[in-house]
$ cat data_26.cif   # mmCIF, C-alpha atoms
data_input
loop_
_atom_site.label_atom_id
_atom_site.label_comp_id
_atom_site.auth_asym_id
_atom_site.auth_seq_id
_atom_site.Cartn_x
_atom_site.Cartn_y
_atom_site.Cartn_z
CA MET A 957 72.73 106.76 88.98
CA VAL A 958 75.18 109.38 87.74
CA SER A 959 75.44 109.75 83.95
CA LEU A 960 78.70 110.96 82.42
CA GLN A 961 79.88 111.74 78.93
CA PRO A 962 83.19 112.92 77.49
CA ILE A 963 83.79 116.65 77.63
CA LYS A 964 85.69 118.34 74.84
CA ARG A 965 87.66 121.42 75.85
CA SER A 966 90.02 123.53 73.77
CA LYS A 967 93.74 123.59 74.56
CA LEU A 968 93.40 127.24 75.54
CA ARG A 969 90.55 126.45 77.95
CA ILE A 970 92.59 123.67 79.55
CA TYR A 971 95.70 125.86 79.81
CA LEU A 972 93.88 128.79 81.40
CA GLY A 973 91.89 126.52 83.68
CA LYS A 974 95.08 124.99 85.10
CA LYS A 975 96.54 128.43 85.75
CA VAL A 976 93.44 129.57 87.62
CA PHE A 977 93.13 126.43 89.74
CA ARG A 978 96.84 126.42 90.58
CA LEU A 979 96.71 130.03 91.75
CA LYS A 980 93.65 129.21 93.83
CA ARG A 981 95.51 126.34 95.48
CA TYR A 982 98.52 128.48 96.32
CA GLY A 983 96.15 130.92 97.99
CA GLU A 984 94.51 128.15 99.99
CA TRP A 985 97.85 126.84 101.22
CA TRP A 986 98.70 130.26 102.62
CA TRP A 987 95.32 131.50 103.84
CA ASP A 988 93.01 128.55 104.60
CA GLY A 989 94.03 128.35 108.26
CA LYS A 990 95.05 124.70 108.14
CA GLN A 991 98.13 123.52 109.95
CA TYR A 992 100.03 121.53 107.32
CA ALA A 993 102.40 118.73 108.27
CA MET A 994 105.98 119.72 107.39
CA THR A 995 108.18 117.93 109.95
CA LYS A 996 110.07 114.72 109.17
CA ALA A 997 111.70 112.23 111.51
CA GLU A 998 114.38 109.70 110.65
CA ASP A 999 113.40 107.43 113.52
CA LYS A 1000 110.27 105.45 112.79
CA LEU A 1001 107.30 105.51 115.12
CA PRO A 1002 106.98 102.10 116.81
CA HIS A 1003 103.62 100.75 115.64
CA VAL A 1004 102.72 99.78 112.06
CA VAL A 1005 99.04 100.52 111.46
CA LYS A 1006 98.81 99.61 107.76
CA LYS A 1007 101.37 98.53 105.16
CA HIS A 1008 100.86 97.88 101.46
CA ARG A 1009 102.93 97.60 98.31
CA THR A 1010 102.26 97.80 94.58
CA PRO A 1011 104.41 96.56 91.66
CA LEU A 1012 106.55 99.16 89.92
CA LEU A 1013 106.25 97.67 86.44
CA ARG A 1014 103.05 96.63 84.68
CA GLN A 1015 102.67 95.77 81.04
CA LEU A 1016 99.89 98.04 79.81
CA LYS A 1017 98.31 97.69 76.39
CA ASP A 1018 99.85 100.04 73.81
CA VAL A 1019 102.03 101.82 76.41
CA ASP A 1020 105.81 102.07 75.95
CA MET A 1021 107.55 100.24 78.80
CA GLN A 1022 110.18 102.98 78.90
CA LEU A 1023 107.54 105.21 80.45
CA GLN A 1024 107.17 102.65 83.23
CA HIS A 1025 110.90 102.77 83.89
CA ASN A 1026 110.84 106.57 83.85
CA LYS A 1027 108.02 106.43 86.38
CA ILE A 1028 110.39 104.75 88.82
CA THR A 1029 112.74 107.74 88.62
CA ASN A 1030 109.84 110.07 89.36
CA LEU A 1031 108.56 107.93 92.23
CA LYS A 1032 111.98 107.90 93.88
CA LEU A 1033 112.13 111.69 93.85
CA ALA A 1034 108.58 112.15 95.13
CA ALA A 1035 108.90 109.45 97.79
CA ARG A 1036 111.84 111.27 99.34
CA ARG A 1037 109.67 114.32 99.84
CA VAL A 1038 106.99 112.53 101.87
CA ASN A 1039 108.94 109.72 103.50
CA GLY A 1040 109.15 110.13 107.27
CA ILE A 1041 106.62 112.96 107.51
CA ILE A 1042 104.99 113.23 110.93
CA LEU A 1043 101.28 113.99 111.02
CA GLN A 1044 100.58 115.42 114.44
CA PRO A 1045 97.06 115.65 115.90
CA GLY A 1046 95.25 118.52 114.22
CA GLU A 1047 97.64 118.68 111.25
CA THR A 1048 96.81 118.09 107.59
CA PHE A 1049 98.93 116.14 105.11
CA SER A 1050 98.98 117.75 101.65
CA TYR A 1051 100.45 115.59 98.89
CA TRP A 1052 101.45 118.43 96.58
CA ARG A 1053 102.54 120.90 99.23
CA LEU A 1054 105.17 118.37 100.30
CA ILE A 1055 106.24 117.16 96.86
CA GLY A 1056 106.13 120.48 95.01
CA ASN A 1057 106.10 120.95 91.25
CA THR A 1058 107.64 118.14 89.23
CA THR A 1059 110.14 119.90 86.97
CA ARG A 1060 113.09 118.73 84.93
CA ARG A 1061 115.33 120.97 87.04
CA LYS A 1062 114.50 118.75 90.02
CA GLY A 1063 115.34 115.60 88.05
CA TYR A 1064 111.87 114.50 86.99
CA VAL A 1065 111.55 112.84 83.58
CA ASP A 1066 108.78 112.06 81.11
CA GLY A 1067 106.25 109.55 82.37
CA MET A 1068 102.76 108.37 81.57
CA ILE A 1069 99.91 110.80 82.22
CA LEU A 1070 96.21 110.12 81.75
CA HIS A 1071 94.64 113.20 80.18
CA TYR A 1072 90.92 113.26 79.36
CA GLY A 1073 90.89 109.52 78.87
CA LYS A 1074 94.03 109.33 76.73
CA VAL A 1075 97.53 108.17 77.57
CA THR A 1076 99.96 111.06 77.08
CA VAL A 1077 103.49 111.89 78.22
CA GLY A 1078 104.47 114.58 80.70
CA VAL A 1079 107.29 115.50 83.06
CA GLY A 1080 106.74 113.80 86.41
CA GLY A 1081 104.22 111.33 85.01
CA GLY A 1082 103.36 108.22 87.00
CA LEU A 1083 102.96 109.78 90.45
CA CYS A 1084 99.34 108.64 90.70
CA GLN A 1085 100.76 105.33 91.84
CA LEU A 1086 102.05 107.07 94.95
CA SER A 1087 98.85 109.00 95.66
CA ASN A 1088 96.83 105.80 95.07
CA LEU A 1089 98.97 103.93 97.59
CA ILE A 1090 98.77 106.64 100.24
CA TYR A 1091 95.00 106.88 99.86
CA TRP A 1092 94.58 103.10 100.11
CA ILE A 1093 96.59 102.70 103.31
CA THR A 1094 94.87 105.74 104.83
CA LEU A 1095 91.49 104.02 104.41
CA HIS A 1096 92.82 101.40 106.85
CA THR A 1097 93.50 103.95 109.60
CA PRO A 1098 91.42 106.37 111.71
CA LEU A 1099 92.93 109.29 109.78
CA THR A 1100 90.40 111.43 107.87
CA VAL A 1101 90.65 111.97 104.11
CA THR A 1102 89.50 115.58 103.64
CA GLU A 1103 90.27 115.95 99.93
CA ARG A 1104 90.51 113.28 97.26
CA TYR A 1105 89.72 113.18 93.54
CA ARG A 1106 88.55 110.13 91.66
CA HIS A 1107 89.63 109.24 88.16
CA SER A 1108 87.10 110.47 85.59
CA TYR A 1109 88.14 107.81 83.09
CA ASP A 1110 88.75 104.09 83.49
CA VAL A 1111 91.44 103.71 80.85
CA PHE A 1112 92.60 100.11 81.26
CA PRO A 1113 90.60 96.95 81.96
CA ASP A 1114 91.25 95.15 85.24
CA SER A 1115 94.40 93.08 85.24
CA SER A 1116 95.05 91.09 88.43
CA ARG A 1117 93.31 93.81 90.42
CA SER A 1118 93.48 93.13 94.16
CA GLN A 1119 91.67 96.30 95.27
CA PRO A 1120 88.16 97.52 94.44
CA PHE A 1121 87.71 99.76 91.43
CA GLY A 1122 87.92 103.42 92.46
CA SER A 1123 89.98 102.88 95.59
CA GLY A 1124 92.75 105.22 94.43
CA ALA A 1125 93.25 108.98 94.23
CA THR A 1126 94.22 110.80 91.05
CA CYS A 1127 96.65 113.72 91.30
CA ALA A 1128 97.69 116.71 89.20
CA PHE A 1129 99.92 119.51 90.47
CA ASN A 1130 98.69 121.22 92.47
CA TYR A 1131 94.94 121.53 92.15
CA LEU A 1132 94.08 117.82 92.34
CA ASP A 1133 95.53 117.27 95.80
CA LEU A 1134 95.26 114.49 98.35
CA GLN A 1135 94.76 115.85 101.85
CA ILE A 1136 94.52 113.84 105.07
CA LYS A 1137 93.82 115.23 108.54
CA ASN A 1138 94.82 113.68 111.83
CA GLU A 1139 91.73 114.08 113.99
CA THR A 1140 93.01 111.59 116.57
CA THR A 1141 95.14 112.24 119.65
CA THR A 1142 98.03 110.13 118.35
CA PRO A 1143 100.92 111.21 116.07
CA TYR A 1144 101.17 109.27 112.79
CA GLN A 1145 104.11 108.87 110.42
CA LEU A 1146 104.12 108.08 106.70
CA ILE A 1147 106.88 105.80 105.45
CA VAL A 1148 107.32 105.38 101.68
CA TYR A 1149 110.13 103.63 99.85
CA LEU A 1150 110.96 101.68 96.69
CA THR A 1151 112.46 98.21 96.43
CA ASP A 1152 113.71 96.68 93.20
CA THR A 1153 110.19 95.56 92.35
CA HIS A 1154 107.63 97.45 94.46
CA LEU A 1155 106.52 100.77 95.85
CA THR A 1156 105.84 100.31 99.55
CA GLY A 1157 103.99 102.55 101.96
CA GLU A 1158 102.98 102.33 105.57
CA TRP A 1159 101.33 104.42 108.23
CA ARG A 1160 102.96 104.14 111.65
CA ALA A 1161 101.69 105.51 114.95
CA ALA A 1162 103.01 106.38 118.38
CA SER A 1163 100.52 104.00 120.03
CA PRO A 1164 99.03 100.65 118.97
CA ALA A 1165 95.95 100.51 116.77
CA THR A 1166 92.63 99.85 118.48
CA ARG A 1167 90.66 99.22 115.27
CA THR A 1168 91.10 97.26 112.06
CA TYR A 1169 89.44 97.97 108.72
CA LYS A 1170 88.24 96.07 105.67
CA VAL A 1171 87.55 98.11 102.52
CA TYR A 1172 85.03 96.71 100.04
CA GLU A 1173 82.77 97.79 97.19
CA LYS A 1174 79.03 97.70 96.58
CA ASP A 1175 76.79 98.18 93.57
CA HIS A 1176 79.50 97.67 90.96
CA GLN A 1177 78.10 97.93 87.43
CA PHE A 1178 78.59 99.24 83.92
CA THR A 1179 75.90 101.32 82.26
CA PHE A 1180 75.58 101.94 78.53
CA GLU A 1181 74.99 105.63 77.92
CA SER A 1182 72.96 107.35 75.19
CA TRP A 1183 76.13 108.89 73.67
CA GLY A 1184 77.40 105.40 72.83
CA GLY A 1185 79.88 104.56 75.59
CA TYR A 1186 80.02 102.85 78.97
CA VAL A 1187 80.32 104.32 82.46
CA ARG A 1188 81.56 102.29 85.40
CA HIS A 1189 80.04 102.79 88.85
CA ASN A 1190 80.50 101.58 92.40
CA THR A 1191 80.45 102.68 96.02
CA ILE A 1192 83.25 102.07 98.52
CA PHE A 1193 82.56 101.14 102.12
CA ARG A 1194 84.66 99.90 104.99
CA HIS A 1195 83.97 97.64 107.95
CA VAL A 1196 85.46 98.78 111.25
CA TYR A 1197 86.36 96.06 113.78
CA ASP A 1198 87.67 96.08 117.32
CA LEU A 1199 90.72 93.99 118.17
CA ASP A 1200 88.50 91.02 119.05
CA GLY A 1201 87.07 91.01 115.53
CA ASN A 1202 83.68 92.43 116.45
CA LEU A 1203 82.09 94.60 113.75
CA LEU A 1204 81.64 98.12 115.09
CA GLU A 1205 80.64 100.15 112.04
CA ASP A 1206 79.92 99.86 108.34
CA GLU A 1207 81.08 103.22 106.95
CA PHE A 1208 80.42 104.78 103.57
CA VAL A 1209 83.69 106.04 102.06
CA THR A 1210 82.98 107.35 98.55
CA GLU A 1211 81.27 106.67 95.23
CA ASN A 1212 82.93 106.39 91.85
CA HIS A 1213 81.77 107.03 88.29
CA ALA A 1214 84.21 106.77 85.39
CA ILE A 1215 83.92 106.69 81.61
CA THR A 1216 85.45 103.46 80.33
CA MET A 1217 87.91 103.64 77.46
CA TYR A 1218 87.51 99.96 76.58
CA GLU A 1219 84.72 97.50 75.93
CA PRO A 1220 83.94 96.23 79.45
CA PHE A 1221 82.51 92.87 78.48
CA LEU A 1222 85.41 91.68 76.34
CA THR A 1223 88.23 89.45 77.60
CA TYR A 1224 91.69 91.06 77.37
CA GLU A 1225 95.07 89.41 77.17
CA GLY A 1226 96.74 89.22 80.55
CA GLU A 1227 93.59 89.23 82.65
#
$ encode --input "data_26.cif" --output "structure tokens"
Amino acid sequence: MVSLQPIKRSKLRIYLGKKVFRLKRYGEWWWDGKQYAMTKAEDKLPHVVKKHRTPLLRQLKDVDMQLQHNKITNLKLAARRVNGIILQPGETFSYWRLIGNTTRRKGYVDGMILHYGKVTVGVGGGLCQLSNLIYWITLHTPLTVTERYRHSYDVFPDSSRSQPFGSGATCAFNYLDLQIKNETTTPYQLIVYLTDTHLTGEWRAASPATRTYKVYEKDHQFTFESWGGYVRHNTIFRHVYDLDGNLLEDEFVTENHAITMYEPFLTYEGE
């Protein structure tokens, strides 16, 4: 069992660390030899492989709802950058290479950012909802997630959660990236858009799916640590079925460990 505890870093250490990791990422984009997906198509590929949607507005404890509305502005801008992207066989999807830096000059506004277990405000905040959605629908395809980062802190208690804990992907420009490689022989296309109430994403393909997937968790638990807080743990697996419903594989996906910023055994309003 992994044991975690909060890490205190100075503002200077955090600032310099971001600079170093961002420069490293720029270098990787240019020199790592990967073929990154950059081509979009207005026409949709014919076959929907996986579709999912998440609500745009959630009432979070002690969080200004204006930040939720600002998030919608940021999601609209980011969604335009990835919507329609074609992922050809052998290519890699990079979340941040497509979206780019989220600056005010591009129209991004202040949104909610989770920073070392605390809710803060930053330009472009709220885009984890998009990376979470893309990661979730990718787990229901034969595409390969080659880079994904889990949340180090579990800030809010579950509220009407429909997906397992730890089934998302945190993001921070540009060093916490989400990368997905198409190791199949079929082109895939990512479609992302907003309705009045939801963020919707889907993977489409040039040929029909031959497998279906069910993502589930194992070994979910909270542990009380010697430093006086709780850590949440689980492992994510997925069942792979053929089109007749026969179980083909039971695949390990990832494990999650996150410091909880709430008392896990209390009942919270809205749950």
$ closest_residue --input "data_26.cif" --among "A:Asp1152, A:Glu1181, A:Asp1175, A:Glu1158" --to "Ile1215 of chain A" --atoms "all atoms listed in the file"
A:Glu1181
$ residues_near_point --input "data_26.cif" --point "(101.7, 118.9, 99.9)" --cutoff "9 Å" --atoms "all atoms listed in the file" --output "PyMOL selection string"
chain A and resi 985+992-994+1038+1049-1056+1130+1133-1135
$ write_last_selection --input "data_26.cif" --atoms "C-alpha atoms" --output "short mmCIF file (atom, residue, chain, number, x, y, z; two decimals), keeping the file's coordinate frame"
data_model
loop_
_atom_site.label_atom_id
_atom_site.label_comp_id
_atom_site.auth_asym_id
_atom_site.auth_seq_id
_atom_site.Cartn_x
_atom_site.Cartn_y
_atom_site.Cartn_z
CA TRP A 985 97.85 126.84 101.22
CA TYR A 992 100.03 121.53 107.32
CA ALA A 993 102.40 118.73 108.27
CA MET A 994 105.98 119.72 107.39
CA VAL A 1038 106.99 112.53 101.87
CA PHE A 1049 98.93 116.14 105.11
CA SER A 1050 98.98 117.75 101.65
CA TYR A 1051 100.45 115.59 98.89
CA TRP A 1052 101.45 118.43 96.58
CA ARG A 1053 102.54 120.90 99.23
CA LEU A 1054 105.17 118.37 100.30
CA ILE A 1055 106.24 117.16 96.86
CA GLY A 1056 106.13 120.48 95.01
CA ASN A 1130 98.69 121.22 92.47
CA ASP A 1133 95.53 117.27 95.80
CA LEU A 1134 95.26 114.49 98.35
CA GLN A 1135 94.76 115.85 101.85
#
$ closest_residue --input "data_26.cif" --among "A:Arg1061, A:Arg1194, A:Lys980, A:Arg1037" --to "Thr1168 of chain A" --atoms "only C-alpha atoms"
A:Arg1194
$ atom_distance --input "data_26.cif" --atom1 "atom CA of Ser1087 of chain A" --atom2 "atom CA of Phe1178 of chain A"
25.4 Å
$ resolve_selection --input "data_26.cif" --expression "the PyMOL selection byres ((chain A and resi 1140) around 8)" --output "PyMOL selection string"
chain A and resi 1045-1046+1098-1099+1138-1139+1141-1143
$ resolve_selection --input "data_26.cif" --expression "the PyMOL selection byres ((chain A and resi 1214) around 6)" --output "PyMOL selection string"
chain A and resi 1108-1110+1187-1188+1213+1215
$ closest_residue --input "data_26.cif" --among "A:Arg1160, A:Thr1166, A:Lys1174, A:Thr1058" --to "Asp1200 of chain A" --atoms "all atoms listed in the file"
A:Thr1166
$ resolve_selection --input "data_26.cif" --expression "the PyMOL selection byres ((chain A and resi 1103-1105) around 12)" --output "NGL selection string"
:A and (1048-1052 or 1084 or 1087-1088 or 1090-1092 or 1094-1095 or 1100-1102 or 1106-1109 or 1122-1128 or 1131-1137 or 1209-1214)
$ residues_near_point --input "data_26.cif" --point "(80.7, 94.7, 91.1)" --cutoff "9 Å" --atoms "all atoms listed in the file" --output "VMD selection string"
chain A and resid 1120 to 1121 1173 to 1178 1189 to 1190
$ closest_residue --input "data_26.cif" --among "A:Lys1027, A:Lys1170, A:Arg1036, A:Arg1014" --to "Glu998 of chain A" --atoms "all atoms listed in the file"
A:Arg1036
$ atom_distance --input "data_26.cif" --atom1 "atom CA of Phe977 of chain A" --atom2 "atom CA of Leu1070 of chain A"
18.4 Å
$ atom_distance --input "data_26.cif" --atom1 "atom CA of Asn1030 of chain A" --atom2 "atom CA of Arg1060 of chain A"
10.3 Å
$ closest_residue --input "data_26.cif" --among "A:Arg969, A:Lys996, A:Lys1006, A:His1096" --to "Thr1156 of chain A" --atoms "all atoms listed in the file"
A:Lys1006
$ residues_around --input "data_26.cif" --residues "Gly1063 of chain A" --least-positions-apart "5" --cutoff "12 Å" --atoms "only C-alpha atoms" --output "ChimeraX atom specification"
/A:1026-1034,1057-1058,1079-1080
$ residues_around --input "data_26.cif" --residues "Ile1147 of chain A" --least-positions-apart "2" --cutoff "8 Å" --atoms "all atoms listed in the file" --output "MDAnalysis selection string"
chainID A and resid 1038:1041 1145 1149 1157:1160
$ residues_around --input "data_26.cif" --residues "Ala1165 of chain A" --least-positions-apart "4" --cutoff "9 Å" --atoms "only C-alpha atoms" --output "compact mmCIF listing (two decimals) with C-alpha atoms, keeping the file's coordinate frame"
# COMPACT_ATOMS: atom_id res chain seq x y z
CA HIS A 1003 103.62 100.75 115.64
CA VAL A 1004 102.72 99.78 112.06
CA VAL A 1005 99.04 100.52 111.46
CA THR A 1097 93.50 103.95 109.60
CA PRO A 1098 91.42 106.37 111.71
CA ALA A 1161 101.69 105.51 114.95
CA LEU A 1199 90.72 93.99 118.17
$ residues_around --input "data_26.cif" --residues "Gly1185 of chain A" --least-positions-apart "5" --cutoff "10 Å" --atoms "all atoms listed in the file" --output "VMD selection string"
chain A and resid 960 to 962 1178 to 1180 1215 to 1219
$ residues_around --input "data_26.cif" --residues "Gly1082 of chain A" --least-positions-apart "3" --cutoff "7 Å" --atoms "all atoms listed in the file" --output "mmCIF file with C-alpha atoms, keeping the file's coordinate frame"
data_model
loop_
_atom_site.group_PDB
_atom_site.id
_atom_site.type_symbol
_atom_site.label_atom_id
_atom_site.label_comp_id
_atom_site.auth_asym_id
_atom_site.auth_seq_id
_atom_site.Cartn_x
_atom_site.Cartn_y
_atom_site.Cartn_z
ATOM 1 C CA LYS A 1027 108.020 106.430 86.380
ATOM 2 C CA GLY A 1067 106.250 109.550 82.370
ATOM 3 C CA MET A 1068 102.760 108.370 81.570
ATOM 4 C CA ILE A 1069 99.910 110.800 82.220
ATOM 5 C CA GLN A 1085 100.760 105.330 91.840
#
$ closest_residue --input "data_26.cif" --among "A:Phe1129, A:Ser1182, A:Phe1221, A:His1008" --to "Pro1113 of chain A" --atoms "all atoms listed in the file"
A:Phe1221
